[in-house]
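Trainee: target-v3.pdb is reproduced in full below (PDB, C-alpha atoms, pLDDT in the B column).
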MODEL        1
ATOM      1  CA  MET S 570      -8.595   1.784 -10.368  1.00 95.00           C
ATOM      2  CA  ASN S 571      -8.918   3.662  -7.108  1.00 98.00           C
ATOM      3  CA  ILE S 572      -8.690   2.234  -3.613  1.00 98.00           C
ATOM      4  CA  PHE S 573     -11.479   4.529  -2.396  1.00 98.00           C
ATOM      5  CA  SER S 574     -13.944   3.659  -5.183  1.00 96.00           C
ATOM      6  CA  ASN S 575     -16.832   1.239  -5.096  1.00 92.00           C
ATOM      7  CA  ILE S 576     -17.011   0.992  -1.332  1.00 93.00           C
ATOM      8  CA  ILE S 577     -20.330  -0.579  -0.504  1.00 89.00           C
ATOM      9  CA  ASP S 578     -22.287  -0.735   2.716  1.00 90.00           C
ATOM     10  CA  SER S 579     -21.921  -4.129   4.268  1.00 89.00           C
ATOM     11  CA  LYS S 580     -22.843  -5.685   7.557  1.00 86.00           C
ATOM     12  CA  ASP S 581     -19.520  -7.543   7.481  1.00 88.00           C
ATOM     13  CA  GLU S 582     -15.972  -6.424   6.808  1.00 91.00           C
ATOM     14  CA  THR S 583     -15.260  -6.708   3.095  1.00 95.00           C
ATOM     15  CA  PHE S 584     -12.083  -8.203   1.624  1.00 96.00           C
ATOM     16  CA  GLU S 585     -11.150  -7.680  -2.032  1.00 97.00           C
ATOM     17  CA  THR S 586      -8.082  -9.041  -3.748  1.00 98.00           C
ATOM     18  CA  LEU S 587      -6.307  -6.368  -5.813  1.00 98.00           C
ATOM     19  CA  LEU S 588      -3.364  -8.528  -6.835  1.00 97.00           C
ATOM     20  CA  ASP S 589      -2.715 -12.221  -6.371  1.00 96.00           C
ATOM     21  CA  SER S 590       0.643 -13.668  -7.322  1.00 93.00           C
ATOM     22  CA  LYS S 591       2.736 -16.640  -6.266  1.00 89.00           C
ATOM     23  CA  ASN S 592       4.187 -15.102  -3.125  1.00 90.00           C
ATOM     24  CA  VAL S 593       2.078 -12.040  -2.510  1.00 96.00           C
ATOM     25  CA  LYS S 594      -1.551 -11.108  -2.190  1.00 97.00           C
ATOM     26  CA  ILE S 595      -2.587  -7.459  -2.014  1.00 98.00           C
ATOM     27  CA  GLU S 596      -5.992  -6.861  -0.525  1.00 98.00           C
ATOM     28  CA  ARG S 597      -8.341  -4.002   0.257  1.00 98.00           C
ATOM     29  CA  ILE S 598     -10.182  -4.406   3.536  1.00 97.00           C
ATOM     30  CA  VAL S 599     -13.082  -2.127   4.440  1.00 97.00           C
ATOM     31  CA  SER S 600     -14.299  -2.008   8.035  1.00 96.00           C
ATOM     32  CA  ASP S 601     -17.372  -0.101   9.147  1.00 95.00           C
ATOM     33  CA  ALA S 602     -17.182  -0.096  12.937  1.00 94.00           C
ATOM     34  CA  HIS S 603     -16.487  -3.835  12.694  1.00 94.00           C
ATOM     35  CA  VAL S 604     -14.331  -5.622  15.239  1.00 93.00           C
ATOM     36  CA  SER S 605     -13.072  -9.188  15.385  1.00 92.00           C
ATOM     37  CA  PRO S 606     -15.410 -11.571  17.191  1.00 91.00           C
ATOM     38  CA  LYS S 607     -14.817 -11.927  20.917  1.00 89.00           C
ATOM     39  CA  ASP S 608     -11.857 -14.220  21.667  1.00 89.00           C
ATOM     40  CA  PHE S 609     -11.072 -14.554  17.952  1.00 94.00           C
ATOM     41  CA  TRP S 610      -7.397 -14.269  16.954  1.00 96.00           C
ATOM     42  CA  TYR S 611      -5.914 -14.076  13.495  1.00 95.00           C
ATOM     43  CA  ASP S 612      -3.043 -16.590  13.399  1.00 96.00           C
ATOM     44  CA  GLN S 613      -1.675 -16.396   9.858  1.00 95.00           C
ATOM     45  CA  ASP S 614       0.896 -18.475   8.007  1.00 95.00           C
ATOM     46  CA  GLU S 615       2.018 -15.374   6.084  1.00 96.00           C
ATOM     47  CA  ASP S 616       3.606 -12.118   7.091  1.00 96.00           C
ATOM     48  CA  GLU S 617       1.211  -9.222   6.731  1.00 97.00           C
ATOM     49  CA  TRP S 618       2.071  -5.593   6.082  1.00 98.00           C
ATOM     50  CA  VAL S 619      -0.887  -3.308   6.573  1.00 98.00           C
ATOM     51  CA  ILE S 620      -1.559   0.414   6.228  1.00 98.00           C
ATOM     52  CA  VAL S 621      -4.688   2.403   7.085  1.00 98.00           C
ATOM     53  CA  LEU S 622      -5.678   4.733   4.225  1.00 98.00           C
ATOM     54  CA  GLN S 623      -8.952   6.077   5.623  1.00 98.00           C
ATOM     55  CA  GLY S 624     -10.520   5.953   9.065  1.00 98.00           C
ATOM     56  CA  GLU S 625      -8.946   4.657  12.231  1.00 98.00           C
ATOM     57  CA  ALA S 626      -8.473   1.305  13.964  1.00 98.00           C
ATOM     58  CA  VAL S 627      -6.997  -0.448  16.958  1.00 98.00           C
ATOM     59  CA  ILE S 628      -5.235  -3.784  16.592  1.00 97.00           C
ATOM     60  CA  GLY S 629      -4.649  -5.899  19.680  1.00 97.00           C
ATOM     61  CA  PHE S 630      -2.059  -8.591  20.264  1.00 96.00           C
ATOM     62  CA  ASP S 631      -2.152 -11.607  22.544  1.00 93.00           C
ATOM     63  CA  ASN S 632       0.443 -10.077  24.856  1.00 92.00           C
ATOM     64  CA  GLN S 633      -2.221  -7.496  25.731  1.00 92.00           C
ATOM     65  CA  GLU S 634      -0.520  -4.752  23.764  1.00 95.00           C
ATOM     66  CA  SER S 635      -2.503  -2.772  21.254  1.00 97.00           C
ATOM     67  CA  VAL S 636      -1.758  -0.187  18.624  1.00 98.00           C
ATOM     68  CA  ARG S 637      -3.941   2.602  17.273  1.00 98.00           C
ATOM     69  CA  LEU S 638      -3.613   3.207  13.536  1.00 98.00           C
ATOM     70  CA  GLY S 639      -4.708   6.436  11.856  1.00 98.00           C
ATOM     71  CA  VAL S 640      -4.426   7.445   8.217  1.00 98.00           C
ATOM     72  CA  GLY S 641      -0.977   6.580   6.889  1.00 98.00           C
ATOM     73  CA  ASP S 642       0.050   4.410   9.839  1.00 98.00           C
ATOM     74  CA  TYR S 643       1.499   1.075   8.848  1.00 98.00           C
ATOM     75  CA  LEU S 644       2.397  -2.079  10.678  1.00 97.00           C
ATOM     76  CA  HIS S 645       4.280  -5.291   9.942  1.00 97.00           C
ATOM     77  CA  ILE S 646       2.624  -8.307  11.532  1.00 97.00           C
ATOM     78  CA  LYS S 647       4.871 -11.346  11.418  1.00 96.00           C
ATOM     79  CA  ALA S 648       3.444 -14.767  10.589  1.00 96.00           C
ATOM     80  CA  HIS S 649       1.751 -16.382  13.605  1.00 97.00           C
ATOM     81  CA  LYS S 650       1.784 -13.171  15.595  1.00 97.00           C
ATOM     82  CA  LYS S 651      -1.723 -13.456  16.997  1.00 97.00           C
ATOM     83  CA  HIS S 652      -3.766 -10.318  16.526  1.00 97.00           C
ATOM     84  CA  ARG S 653      -7.329  -9.066  16.325  1.00 96.00           C
ATOM     85  CA  VAL S 654      -9.162  -5.933  15.314  1.00 96.00           C
ATOM     86  CA  GLU S 655     -10.302  -4.380  18.582  1.00 96.00           C
ATOM     87  CA  TRP S 656     -11.967  -1.298  17.184  1.00 97.00           C
ATOM     88  CA  THR S 657     -12.599   0.564  13.942  1.00 97.00           C
ATOM     89  CA  SER S 658     -14.022   4.031  13.463  1.00 97.00           C
ATOM     90  CA  GLU S 659     -17.755   4.561  13.779  1.00 96.00           C
ATOM     91  CA  GLU S 660     -17.492   7.969  12.064  1.00 96.00           C
ATOM     92  CA  GLU S 661     -16.452   6.705   8.659  1.00 96.00           C
ATOM     93  CA  LYS S 662     -15.434   3.501   6.944  1.00 97.00           C
ATOM     94  CA  THR S 663     -11.873   2.358   7.580  1.00 98.00           C
ATOM     95  CA  VAL S 664      -9.956   1.405   4.430  1.00 98.00           C
ATOM     96  CA  TRP S 665      -6.925  -0.841   4.841  1.00 98.00           C
ATOM     97  CA  LEU S 666      -4.382  -1.946   2.314  1.00 98.00           C
ATOM     98  CA  ALA S 667      -2.939  -5.320   3.310  1.00 98.00           C
ATOM     99  CA  VAL S 668       0.012  -7.082   1.713  1.00 98.00           C
ATOM    100  CA  HIS S 669       0.198 -10.797   2.562  1.00 97.00           C
ATOM    101  CA  ILE S 670       3.645 -12.267   2.013  1.00 96.00           C
ATOM    102  CA  SER S 671       4.576 -15.945   1.929  1.00 93.00           C
ATOM    103  CA  VAL S 672       7.449 -16.750   4.254  1.00 87.00           C
TER     104      VAL S 672
ATOM    105  CA  MET F1362       5.251   4.548  11.684  1.00 95.00           C
ATOM    106  CA  ASN F1363       3.418   6.792   9.273  1.00 98.00           C
ATOM    107  CA  ILE F1364       3.854   6.957   5.508  1.00 98.00           C
ATOM    108  CA  PHE F1365       3.453  10.758   5.552  1.00 98.00           C
ATOM    109  CA  SER F1366       6.045  11.391   8.289  1.00 96.00           C
ATOM    110  CA  ASN F1367       9.639  12.459   7.911  1.00 92.00           C
ATOM    111  CA  ILE F1368       9.319  13.648   4.364  1.00 93.00           C
ATOM    112  CA  ILE F1369      12.352  15.739   3.613  1.00 89.00           C
ATOM    113  CA  ASP F1370      13.097  18.228   0.893  1.00 90.00           C
ATOM    114  CA  SER F1371      15.333  16.666  -1.700  1.00 89.00           C
ATOM    115  CA  LYS F1372      16.574  17.619  -5.112  1.00 86.00           C
ATOM    116  CA  ASP F1373      16.138  13.989  -6.150  1.00 88.00           C
ATOM    117  CA  GLU F1374      13.302  11.535  -5.743  1.00 91.00           C
ATOM    118  CA  THR F1375      13.712   9.646  -2.472  1.00 95.00           C
ATOM    119  CA  PHE F1376      13.302   5.888  -2.087  1.00 96.00           C
ATOM    120  CA  GLU F1377      12.942   4.289   1.327  1.00 97.00           C
ATOM    121  CA  THR F1378      12.503   0.594   2.003  1.00 98.00           C
ATOM    122  CA  LEU F1379       9.701  -0.078   4.477  1.00 98.00           C
ATOM    123  CA  LEU F1380       9.877  -3.860   4.279  1.00 97.00           C
ATOM    124  CA  ASP F1381      12.378  -6.142   2.593  1.00 96.00           C
ATOM    125  CA  SER F1382      11.730  -9.866   2.483  1.00 93.00           C
ATOM    126  CA  LYS F1383      12.702 -12.732   0.232  1.00 89.00           C
ATOM    127  CA  ASN F1384      10.119 -12.125  -2.478  1.00 90.00           C
ATOM    128  CA  VAL F1385       8.816  -8.676  -1.745  1.00 96.00           C
ATOM    129  CA  LYS F1386      10.111  -5.190  -1.172  1.00 97.00           C
ATOM    130  CA  ILE F1387       7.772  -2.422  -0.019  1.00 98.00           C
ATOM    131  CA  GLU F1388       9.034   1.057  -0.668  1.00 98.00           C
ATOM    132  CA  ARG F1389       7.989   4.653  -0.119  1.00 98.00           C
ATOM    133  CA  ILE F1390       8.843   6.934  -2.999  1.00 97.00           C
ATOM    134  CA  VAL F1391       8.571  10.709  -2.681  1.00 97.00           C
ATOM    135  CA  SER F1392       8.597  12.866  -5.800  1.00 96.00           C
ATOM    136  CA  ASP F1393       8.675  16.640  -5.745  1.00 95.00           C
ATOM    137  CA  ALA F1394       7.956  17.672  -9.306  1.00 94.00           C
ATOM    138  CA  HIS F1395      10.570  15.121 -10.371  1.00 94.00           C
ATOM    139  CA  VAL F1396      10.322  13.262 -13.661  1.00 93.00           C
ATOM    140  CA  SER F1397      12.398  10.476 -15.136  1.00 92.00           C
ATOM    141  CA  PRO F1398      15.367  11.653 -17.194  1.00 91.00           C
ATOM    142  CA  LYS F1399      14.691  12.158 -20.881  1.00 89.00           C
ATOM    143  CA  ASP F1400      14.664   8.856 -22.780  1.00 89.00           C
ATOM    144  CA  PHE F1401      15.107   6.898 -19.545  1.00 94.00           C
ATOM    145  CA  TRP F1402      12.916   3.798 -19.124  1.00 96.00           C
ATOM    146  CA  TYR F1403      12.455   1.638 -16.062  1.00 95.00           C
ATOM    147  CA  ASP F1404      12.802  -1.978 -17.198  1.00 96.00           C
ATOM    148  CA  GLN F1405      12.438  -4.078 -14.075  1.00 95.00           C
ATOM    149  CA  ASP F1406      12.885  -7.791 -13.404  1.00 95.00           C
ATOM    150  CA  GLU F1407      10.091  -7.670 -10.807  1.00 96.00           C
ATOM    151  CA  ASP F1408       6.411  -6.938 -11.007  1.00 96.00           C
ATOM    152  CA  GLU F1409       5.549  -3.629  -9.378  1.00 97.00           C
ATOM    153  CA  TRP F1410       2.256  -2.653  -7.773  1.00 98.00           C
ATOM    154  CA  VAL F1411       2.082   1.036  -7.041  1.00 98.00           C
ATOM    155  CA  ILE F1412      -0.450   3.401  -5.446  1.00 98.00           C
ATOM    156  CA  VAL F1413      -0.358   7.190  -5.116  1.00 98.00           C
ATOM    157  CA  LEU F1414      -1.172   8.287  -1.554  1.00 98.00           C
ATOM    158  CA  GLN F1415      -0.565  12.019  -1.904  1.00 98.00           C
ATOM    159  CA  GLY F1416      -0.100  14.295  -4.898  1.00 98.00           C
ATOM    160  CA  GLU F1417      -0.501  13.346  -8.524  1.00 98.00           C
ATOM    161  CA  ALA F1418       1.595  11.767 -11.257  1.00 98.00           C
ATOM    162  CA  VAL F1419       1.652  10.633 -14.866  1.00 98.00           C
ATOM    163  CA  ILE F1420       3.350   7.383 -15.854  1.00 97.00           C
ATOM    164  CA  GLY F1421       4.190   6.787 -19.488  1.00 97.00           C
ATOM    165  CA  PHE F1422       4.736   3.520 -21.315  1.00 96.00           C
ATOM    166  CA  ASP F1423       6.831   2.746 -24.357  1.00 93.00           C
ATOM    167  CA  ASN F1424       3.710   2.186 -26.483  1.00 92.00           C
ATOM    168  CA  GLN F1425       3.066   5.928 -26.069  1.00 92.00           C
ATOM    169  CA  GLU F1426       0.202   5.366 -23.646  1.00 95.00           C
ATOM    170  CA  SER F1427       0.201   7.178 -20.347  1.00 97.00           C
ATOM    171  CA  VAL F1428      -1.869   7.105 -17.207  1.00 98.00           C
ATOM    172  CA  ARG F1429      -2.610   9.865 -14.706  1.00 98.00           C
ATOM    173  CA  LEU F1430      -2.660   8.753 -11.084  1.00 98.00           C
ATOM    174  CA  GLY F1431      -4.317  10.761  -8.321  1.00 98.00           C
ATOM    175  CA  VAL F1432      -4.712   9.944  -4.651  1.00 98.00           C
ATOM    176  CA  GLY F1433      -5.810   6.326  -4.231  1.00 98.00           C
ATOM    177  CA  ASP F1434      -5.159   5.315  -7.843  1.00 98.00           C
ATOM    178  CA  TYR F1435      -3.176   2.115  -8.194  1.00 98.00           C
ATOM    179  CA  LEU F1436      -1.478   0.336 -11.047  1.00 97.00           C
ATOM    180  CA  HIS F1437       0.093  -3.053 -11.666  1.00 97.00           C
ATOM    181  CA  ILE F1438       3.207  -2.790 -13.815  1.00 97.00           C
ATOM    182  CA  LYS F1439       4.341  -6.187 -15.039  1.00 96.00           C
ATOM    183  CA  ALA F1440       8.034  -7.079 -15.096  1.00 96.00           C
ATOM    184  CA  HIS F1441       9.820  -5.633 -18.139  1.00 97.00           C
ATOM    185  CA  LYS F1442       6.898  -3.366 -18.999  1.00 97.00           C
ATOM    186  CA  LYS F1443       8.944  -0.298 -19.817  1.00 97.00           C
ATOM    187  CA  HIS F1444       7.715   2.811 -18.071  1.00 97.00           C
ATOM    188  CA  ARG F1445       8.812   6.222 -16.910  1.00 96.00           C
ATOM    189  CA  VAL F1446       7.547   9.000 -14.687  1.00 96.00           C
ATOM    190  CA  GLU F1447       6.434  11.732 -17.083  1.00 96.00           C
ATOM    191  CA  TRP F1448       5.171  14.221 -14.537  1.00 97.00           C
ATOM    192  CA  THR F1449       4.593  14.671 -10.802  1.00 97.00           C
ATOM    193  CA  SER F1450       2.738  17.461  -9.046  1.00 97.00           C
ATOM    194  CA  GLU F1451       4.429  20.786  -8.568  1.00 96.00           C
ATOM    195  CA  GLU F1452       1.844  21.805  -5.937  1.00 96.00           C
ATOM    196  CA  GLU F1453       2.802  19.266  -3.310  1.00 96.00           C
ATOM    197  CA  LYS F1454       5.048  16.256  -2.864  1.00 97.00           C
ATOM    198  CA  THR F1455       3.792  13.048  -4.408  1.00 98.00           C
ATOM    199  CA  VAL F1456       3.949  10.037  -2.067  1.00 98.00           C
ATOM    200  CA  TRP F1457       3.895   6.591  -3.658  1.00 98.00           C
ATOM    201  CA  LEU F1458       3.712   3.195  -2.058  1.00 98.00           C
ATOM    202  CA  ALA F1459       5.409   0.628  -4.284  1.00 98.00           C
ATOM    203  CA  VAL F1460       5.358  -3.146  -3.828  1.00 98.00           C
ATOM    204  CA  HIS F1461       8.069  -4.946  -5.805  1.00 97.00           C
ATOM    205  CA  ILE F1462       7.323  -8.616  -6.309  1.00 96.00           C
ATOM    206  CA  SER F1463       9.741 -11.293  -7.523  1.00 93.00           C
ATOM    207  CA  VAL F1464       8.333 -13.279 -10.425  1.00 87.00           C
TER     208      VAL F1464
ENDMDL
END
Can you present the structure in this file as structure tokens?

Mentor:
Amino acid sequence: MNIFSNIIDSKDETFETLLDSKNVKIERIVSDAHVSPKDFWYDQDEDEWVIVLQGEAVIGFDNQESVRLGVGDYLHIKAHKKHRVEWTSEEEKTVWLAVHISV
Amino acid sequence: MNIFSNIIDSKDETFETLLDSKNVKIERIVSDAHVSPKDFWYDQDEDEWVIVLQGEAVIGFDNQESVRLGVGDYLHIKAHKKHRVEWTSEEEKTVWLAVHISV
């Protein structure tokens, strides 16, 4: 199986589970110029480790910081660290690999 | 941090821990035409989920099957599924992302 295969056009971000075990879920996320809804914050019970494998994105945090992620950039988002997707590339689809880890 | 940064020349495969938590370890592995020693088998207590992000590799299993992995190809290797690295690219370094999961 290939992380870049079977990417479909979608009006919403797509989330696909690649592995689901007791403590860990590995997911492919595909964004196509999508951003989180205005004033929406992810506030997750799990740690998340994420890497961008295609495209580009900006993640914002509730302390007003933000981080731009290009291909190969990875980030560890601790549980309950509020964050949102502020921007994803309009030039190509952005492919993320996300590892959700129970804490 | 970027998965493709700070790759050094090494006569051995290099293993770097990117995240280490109770149930999960995320690791970058860099191979440079390295292969597992003759008759060596990995026999791990954890599940391993692995993806090739640069380069190319062949993993062999003790049932004589093998699988070629190019960029973006991923594989779930269950705990105690004996495996070895049979070949990695001689053209460029092979960069793997490995997620080790306690079972």

Trainee: With the ChimeraX specification (/F :<10) & /S as the selection, what would be picked from this file? Answer as a JSON list (two decimals) with C-alpha atoms, keeping the file's coordinate frame, please.

Mentor:
[["chain", "number", "residue", "atom", "x", "y", "z"],
["S", 570, "MET", "CA", -8.60, 1.78, -10.37],
["S", 571, "ASN", "CA", -8.92, 3.66, -7.11],
["S", 572, "ILE", "CA", -8.69, 2.23, -3.61],
["S", 573, "PHE", "CA", -11.48, 4.53, -2.40],
["S", 574, "SER", "CA", -13.94, 3.66, -5.18],
["S", 587, "LEU", "CA", -6.31, -6.37, -5.81],
["S", 588, "LEU", "CA", -3.36, -8.53, -6.84],
["S", 590, "SER", "CA", 0.64, -13.67, -7.32],
["S", 591, "LYS", "CA", 2.74, -16.64, -6.27],
["S", 592, "ASN", "CA", 4.19, -15.10, -3.12],
["S", 593, "VAL", "CA", 2.08, -12.04, -2.51],
["S", 595, "ILE", "CA", -2.59, -7.46, -2.01],
["S", 616, "ASP", "CA", 3.61, -12.12, 7.09],
["S", 618, "TRP", "CA", 2.07, -5.59, 6.08],
["S", 620, "ILE", "CA", -1.56, 0.41, 6.23],
["S", 621, "VAL", "CA", -4.69, 2.40, 7.08],
["S", 622, "LEU", "CA", -5.68, 4.73, 4.22],
["S", 638, "LEU", "CA", -3.61, 3.21, 13.54],
["S", 639, "GLY", "CA", -4.71, 6.44, 11.86],
["S", 640, "VAL", "CA", -4.43, 7.44, 8.22],
["S", 641, "GLY", "CA", -0.98, 6.58, 6.89],
["S", 642, "ASP", "CA", 0.05, 4.41, 9.84],
["S", 643, "TYR", "CA", 1.50, 1.08, 8.85],
["S", 644, "LEU", "CA", 2.40, -2.08, 10.68],
["S", 645, "HIS", "CA", 4.28, -5.29, 9.94],
["S", 668, "VAL", "CA", 0.01, -7.08, 1.71],
["S", 669, "HIS", "CA", 0.20, -10.80, 2.56],
["S", 670, "ILE", "CA", 3.64, -12.27, 2.01],
["S", 671, "SER", "CA", 4.58, -15.94, 1.93],
["S", 672, "VAL", "CA", 7.45, -16.75, 4.25]]

Trainee: Between F:Ile1420, F:Val1446, F:Ile1438, F:Ile1368, which is the closest to F:Arg1389 once you count only C-alpha atoms?

Mentor: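 Among the listed residues, the smallest separation from F:Arg1389 belongs to F:Ile1368.
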
Trainee: Determine the residue set returned by the PyMOL selection byres ((chain F and resi 1370) around 12) for the present structure, and present it as a PyMOL selection string.

Mentor: chain F and resi 1367-1369+1371-1375+1391-1395+1453-1455

Trainee: I'd like the interatomic distance between atom CA of F:Thr1449 and atom CA of S:Ile598, to a tenth of an Å.

Mentor: 28.1 Å

Trainee: Work out how far atom CA of S:Gly629 is from atom CA of S:Glu615, in Å to one decimal.

Mentor: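 Separating atom CA of S:Glu615 from atom CA of S:Gly629 is a distance of 17.9 Å.
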
Trainee: One decimal, in Å: what's the spacing between atom CA of F:Glu1409 and atom CA of F:Glu1377?

Mentor: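 Here the two named atoms are 15.2 Å from each other.
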
Trainee: Neighbouring residues of S:Trp610 were defined as those with any atom within 6 Å, considering only C-alpha atoms; residues of the same chain fewer than 2 positions away were excluded. Please report them as a ChimeraX atom specification.

Mentor: /S:651-653

Trainee: Find the residues around S:Arg637 up to 8 Å (all atoms listed in the file counted), leave out those fewer than 5 positions away in its own chain, and share them as a count of residues only.

Mentor: 4

Trainee: Could you check the closest approach to F:Val1456 for each of F:Ser1397, F:Asp1406, F:Gly1416, F:Glu1388 and tell me which residue wins, using all atoms listed in the file?

Mentor: F:Gly1416

Trainee: For stretch 1411-1428 of chain F, where the input has fewer atoms than it should, I would like N, CA, C and O atoms rebuilt and written as an mmCIF file, in the frame of the given file.

Mentor:
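This went into rebuild04.cif:
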data_model
loop_
_atom_site.group_PDB
_atom_site.id
_atom_site.type_symbol
_atom_site.label_atom_id
_atom_site.label_comp_id
_atom_site.auth_asym_id
_atom_site.auth_seq_id
_atom_site.Cartn_x
_atom_site.Cartn_y
_atom_site.Cartn_z
ATOM 1 N N VAL F 1411 1.816 -0.288 -7.568
ATOM 2 C CA VAL F 1411 2.082 1.036 -7.041
ATOM 3 C C VAL F 1411 0.768 1.784 -6.816
ATOM 4 O O VAL F 1411 -0.201 1.616 -7.566
ATOM 5 N N ILE F 1412 0.726 2.581 -5.741
ATOM 6 C CA ILE F 1412 -0.450 3.401 -5.446
ATOM 7 C C ILE F 1412 0.037 4.791 -5.045
ATOM 8 O O ILE F 1412 1.062 4.926 -4.354
ATOM 9 N N VAL F 1413 -0.674 5.811 -5.516
ATOM 10 C CA VAL F 1413 -0.358 7.190 -5.116
ATOM 11 C C VAL F 1413 -1.173 7.523 -3.869
ATOM 12 O O VAL F 1413 -2.398 7.359 -3.854
ATOM 13 N N LEU F 1414 -0.488 7.986 -2.818
ATOM 14 C CA LEU F 1414 -1.172 8.287 -1.554
ATOM 15 C C LEU F 1414 -1.250 9.786 -1.272
ATOM 16 O O LEU F 1414 -1.979 10.218 -0.383
ATOM 17 N N GLN F 1415 -0.495 10.551 -2.005
ATOM 18 C CA GLN F 1415 -0.565 12.019 -1.904
ATOM 19 C C GLN F 1415 -0.025 12.565 -3.215
ATOM 20 O O GLN F 1415 0.915 11.998 -3.780
ATOM 21 N N GLY F 1416 -0.611 13.683 -3.678
ATOM 22 C CA GLY F 1416 -0.100 14.295 -4.898
ATOM 23 C C GLY F 1416 -0.720 13.708 -6.145
ATOM 24 O O GLY F 1416 -1.841 13.179 -6.124
ATOM 25 N N GLU F 1417 0.029 13.763 -7.224
ATOM 26 C CA GLU F 1417 -0.501 13.346 -8.524
ATOM 27 C C GLU F 1417 0.678 13.082 -9.459
ATOM 28 O O GLU F 1417 1.734 13.724 -9.332
ATOM 29 N N ALA F 1418 0.490 12.151 -10.380
ATOM 30 C CA ALA F 1418 1.595 11.767 -11.257
ATOM 31 C C ALA F 1418 1.071 11.257 -12.597
ATOM 32 O O ALA F 1418 -0.087 10.867 -12.707
ATOM 33 N N VAL F 1419 1.944 11.271 -13.581
ATOM 34 C CA VAL F 1419 1.652 10.633 -14.866
ATOM 35 C C VAL F 1419 2.777 9.647 -15.168
ATOM 36 O O VAL F 1419 3.960 10.006 -15.115
ATOM 37 N N ILE F 1420 2.394 8.405 -15.435
ATOM 38 C CA ILE F 1420 3.350 7.383 -15.854
ATOM 39 C C ILE F 1420 3.147 7.121 -17.334
ATOM 40 O O ILE F 1420 2.006 6.983 -17.798
ATOM 41 N N GLY F 1421 4.257 7.068 -18.058
ATOM 42 C CA GLY F 1421 4.190 6.787 -19.488
ATOM 43 C C GLY F 1421 4.767 5.423 -19.795
ATOM 44 O O GLY F 1421 5.636 4.917 -19.066
ATOM 45 N N PHE F 1422 4.268 4.833 -20.882
ATOM 46 C CA PHE F 1422 4.736 3.520 -21.315
ATOM 47 C C PHE F 1422 5.323 3.633 -22.717
ATOM 48 O O PHE F 1422 5.070 4.611 -23.424
ATOM 49 N N ASP F 1423 6.098 2.618 -23.102
ATOM 50 C CA ASP F 1423 6.831 2.746 -24.357
ATOM 51 C C ASP F 1423 5.943 2.514 -25.588
ATOM 52 O O ASP F 1423 6.419 2.619 -26.716
ATOM 53 N N ASN F 1424 4.655 2.218 -25.358
ATOM 54 C CA ASN F 1424 3.710 2.186 -26.483
ATOM 55 C C ASN F 1424 3.009 3.538 -26.649
ATOM 56 O O ASN F 1424 1.972 3.625 -27.290
ATOM 57 N N GLN F 1425 3.566 4.552 -26.012
ATOM 58 C CA GLN F 1425 3.066 5.928 -26.069
ATOM 59 C C GLN F 1425 1.804 6.171 -25.232
ATOM 60 O O GLN F 1425 1.307 7.290 -25.179
ATOM 61 N N GLU F 1426 1.314 5.134 -24.568
ATOM 62 C CA GLU F 1426 0.202 5.366 -23.646
ATOM 63 C C GLU F 1426 0.730 6.000 -22.372
ATOM 64 O O GLU F 1426 1.912 5.895 -22.031
ATOM 65 N N SER F 1427 -0.181 6.678 -21.670
ATOM 66 C CA SER F 1427 0.201 7.178 -20.347
ATOM 67 C C SER F 1427 -1.020 7.146 -19.449
ATOM 68 O O SER F 1427 -2.166 7.063 -19.921
ATOM 69 N N VAL F 1428 -0.774 7.173 -18.156
ATOM 70 C CA VAL F 1428 -1.869 7.105 -17.207
ATOM 71 C C VAL F 1428 -1.626 8.120 -16.092
ATOM 72 O O VAL F 1428 -0.507 8.241 -15.578
#
